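Trainee: Handing you this structure, nothing more for now.
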Amino acid sequence: MKKRLLIANRSEIAIRIIRSAHKLGMTAVVFQSDREPDALYLKYADEIIPAKDASNEKAIFLDAERIVKFALEYKIDLIHPGYGFLSENPDFAALCVDNGINFIGPSPELIRDMGLKTVAKSMAIKAGLPLVPGSDGPVKDAEAATAYANKIGYPVILKASAGGGGRGMRIVEKPETIERNFKSASDEALAAFSNGDMFIEKYLQNPKHLEFQILGDKHGNVVHLGERECSLQRKHQKIVEEAPSASVTEKMRAEMGEMAVRFAKSIGYFSAGTIEFIMDEDGSYYFMEMNTRIQVEHPVTEIVTGVDLVDWQIRVALGEELTLKQSDIHIQGWAIECRVNTEDPQNRFSPQTGFIDKVYFPQKDYIRIETGVQSGSVVTPYFDSMIAKIIVKGNDRQDVIQKTLDALNEFNLIGLKTTIPFCRTVLNHPDFVNATYTTRWVDQVFTPEMLENEDDEIIGALAATIMYASEYLQLSSDLPTYKYDRLNVWVLNKRLNY
Amino acid sequence: MGTSYIYKRDASRLFIAVRDNGKRYKLYIPKESKPVIDGKEYDIDFIEQGDSQYIFDWNGKRFQCELVSRDQNKAVIKVNGVEYKYSLESLFSYIRRGMINSDANKIDENNIIAPMPGKIVDIFLSEGDLVNAGEPILTLEAMKMQNEITANCNGIIQKIKVQAGQSVMKDELLIEIQSIDL
């Protein structure tokens, strides 16, 4: 009997998972949400469950109870949660397991543990992973904070134990100001959260975000598939990702990879997972957290390792043993992913909704397109603004940057603005070319004017003039003073099929 | 002669586009040859035209343009995904508004004055025509020699004060030219 795999997700990742389901000979089942009844992913599925999630109710992808209810009704064997939504919700995973449905991911307990930062960090310490130096618990007073800061070195960050939203938080650059900052932050925390307890941690000014992909099975085997660098972020969300990272040497890769594997093994992890590190300018790195889902940027790893991560997620869930050994995994070439978000980079990345009148994706054998939309699709305000990903493979970093720029130049979307011009600006910038960019690049370096360039400005002036002129010339056609022919002649003469 | 002038006669094809950052472009859209921008011919080809969409090719690079909004003579154009705002005007209205070369002395410099007494043999241009700097405007016969009188600047023929066959005095004003060299 064909296994039945339900995808509790939408858009490009649903299509990506359907591809793997088909490869493994399974029936792919998806939900049709009333919020986007004509979504592209529906076309690829074998079966569609009408979710009838009215707009005043929870979207189906967030409704654990209903998903499992439907799964039972439709005799589903496995559920793939994708990313986002319920993918890292331990209660959802547990609900699946309790109802005899195979949840594609690690155990609910591990999802829960990794979701609690303090638990995850203490497990990482046990496995010998480095953590950002900081006080284990609250520091007693300003004096204790000063003593601690002297030990770990400046700058440091003071954080309220009960904090959030930046309140009770201070970055301290030098010893002279720590006492004053401690008092004001503690007072602020006390006023805001009725708790003045303060932590102290080393502050990384210009960190890089690195993450190691791991893959484990239910038999205790774990391998790592190298790193991805995802330092290019806006509002803490990644926009451009690459694999490998130019900031990771072969020696570091082996060391960090071994660490990631050791950690995953120590907690009994299975399925695909990501171990995030933050790296300081001096090359020292620290464990941040573990993601227990497939990630948006997984294709860059697939491209440089040749390993299909989603296939393996499903096979591991079925109890298969990993046939990959660490020695089989080699990083070849370089890959870059650019996220196509319907956001306006000229206006603080504000979301854009509406119709995609036309979309054209570049097509080359070294380009992989993952898209949830096509020409005529509508982008609604109900879901994420990411509509597609353009992933490019090159021989080396320089080659892939050029190929990606060519690909971005060919991409065209009429109707909405996207993050692609932003990606173009990034890839052209010396900080990216030299691989010195950090997670603060958007805040510290980027300005909307950087999206503009003179060639585009000249072409824009030309296009505007032609549009204006064709009307102007028509309007003035009965004025005897001016002699002219219809302007369009030039247009028509030069019309070609591209 | 082999000399080719970039501005053809038709002045109604000359426009001014000012960007919202203050940058000004002077664009000439000829009937058949390539566009002339700020006095220079650009190797830009039109590839495709849709309702509010144009695709250009410039040195093998593709440029995607989309009209985002239009309000009277203001237009917002998305070029390769980035928006640029322009204010557009025909050269005529630009001149009418006194936006170019208000310097009276300069205007006089550009006018064509008879360098010697003689007879107008031929006038090659008409009022309202565009003329290129160095382009012959008329032939003046003096002492049995035919002299070609050329324009000092790229400009528009504003007024032709004489006609073929007419005799003129030295320093007589023959043609008024408004420079378009912004």
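Residue numbering restarts at 1 for every chain of the structure tokens, chains are lettered A, B, ... in their displayed order, and ligands are numbered from 1 as they appear.
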For Val18 in chain B, list every protein, DNA or RNA residue within 7 Å, evaluated using only C-alpha atoms, and leave out those in the same chain fewer than 6 positions away; present the list as a list in words.
Mentor: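 My reading of the contact set: Arg24, Tyr25, Tyr86, Ser87 and Leu88 of chain B.
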Trainee: If you run DSSP over the backbone, which residues in range 50-114 of chain A end up strand (DSSP E)? Put them as a list in words.
Mentor: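 Those in range 50-114 of chain A that DSSP calls strand (DSSP E) are Pro50, Leu78, Ile79, His80, Asn102 and Phe103 of chain A.
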Trainee: Of the candidates B:Ile47, B:Val131, B:Ile120, B:Val36, which one gets nearest to chain A if we count only C-alpha atoms?
Mentor: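 So, comparing all the options, the nearest one is B:Ile47.
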Trainee: Show me, as a PyMOL selection string, the residues that have an atom within 9 Å of Gly257 in chain A when counting only C-alpha atoms, minus same-chain residues fewer than 6 positions from it.
Mentor: chain A and resi 212-214+223-227
Trainee: Can you pull out the residues contacting Phe63 in chain B? Cut-off 9 Å, using only C-alpha atoms, and skip same-chain residues under 4 positions away; I want them as number ranges by chain.
Mentor: A: 409-410, 456, 459; B: 54-58, 79-80
Trainee: Can you write just those residues out, N, CA and C atoms, as a PDB file, in the first residue's frame?
Mentor:
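Wrote it out as part-v6.pdb, contents follow:
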ATOM      1  N   ASN A 409      19.180  39.398 -12.224  1.00  0.00           N
ATOM      2  CA  ASN A 409      18.910  40.370 -13.274  1.00  0.00           C
ATOM      3  C   ASN A 409      17.855  39.860 -14.249  1.00  0.00           C
ATOM      4  N   GLU A 410      17.820  38.559 -14.422  1.00  0.00           N
ATOM      5  CA  GLU A 410      16.825  37.966 -15.321  1.00  0.00           C
ATOM      6  C   GLU A 410      15.455  37.846 -14.678  1.00  0.00           C
ATOM      7  N   ASP A 456      20.019  52.295 -14.240  1.00  0.00           N
ATOM      8  CA  ASP A 456      18.576  52.091 -14.073  1.00  0.00           C
ATOM      9  C   ASP A 456      17.846  53.431 -14.114  1.00  0.00           C
ATOM     10  N   ILE A 459      17.586  54.527 -17.733  1.00  0.00           N
ATOM     11  CA  ILE A 459      16.564  53.727 -18.418  1.00  0.00           C
ATOM     12  C   ILE A 459      15.170  54.133 -17.935  1.00  0.00           C
TER      13      ILE A 459
ATOM     14  N   TYR B  54       7.880  47.954 -20.205  1.00  0.00           N
ATOM     15  CA  TYR B  54       8.853  48.002 -21.291  1.00  0.00           C
ATOM     16  C   TYR B  54      10.064  47.181 -20.903  1.00  0.00           C
ATOM     17  N   ILE B  55      10.637  46.547 -21.886  1.00  0.00           N
ATOM     18  CA  ILE B  55      11.924  45.896 -21.634  1.00  0.00           C
ATOM     19  C   ILE B  55      12.937  46.470 -22.625  1.00  0.00           C
ATOM     20  N   PHE B  56      14.072  46.895 -22.103  1.00  0.00           N
ATOM     21  CA  PHE B  56      15.130  47.447 -22.934  1.00  0.00           C
ATOM     22  C   PHE B  56      16.349  46.540 -22.877  1.00  0.00           C
ATOM     23  N   ASP B  57      17.161  46.673 -23.902  1.00  0.00           N
ATOM     24  CA  ASP B  57      18.462  46.013 -23.889  1.00  0.00           C
ATOM     25  C   ASP B  57      19.505  47.102 -24.078  1.00  0.00           C
ATOM     26  N   TRP B  58      20.452  47.125 -23.178  1.00  0.00           N
ATOM     27  CA  TRP B  58      21.517  48.126 -23.253  1.00  0.00           C
ATOM     28  C   TRP B  58      22.833  47.383 -23.080  1.00  0.00           C
ATOM     29  N   VAL B  79      12.273  50.156 -12.259  1.00  0.00           N
ATOM     30  CA  VAL B  79      13.310  49.638 -13.148  1.00  0.00           C
ATOM     31  C   VAL B  79      14.044  48.526 -12.417  1.00  0.00           C
ATOM     32  N   ASN B  80      14.013  47.334 -12.991  1.00  0.00           N
ATOM     33  CA  ASN B  80      14.628  46.173 -12.343  1.00  0.00           C
ATOM     34  C   ASN B  80      14.233  46.085 -10.868  1.00  0.00           C
TER      35      ASN B  80
END
Trainee: Got a sec to tell me which of range 337-472 of chain A DSSP assigns to alpha helix (DSSP H), as a ChimeraX atom specification?
Mentor: /A:397-410,420-428,430-433,441-444,454-472
Trainee: Compile the contact shell of range 7-10 of chain B as a PyMOL selection string: residues with an atom at most 12 Å away, counting only C-alpha atoms, same-chain residues fewer than 5 positions apart removed.
Mentor: (chain A and resi 473+481-487) or (chain B and resi 15+26-41+91-92+124-135+137+153-157+180-181)
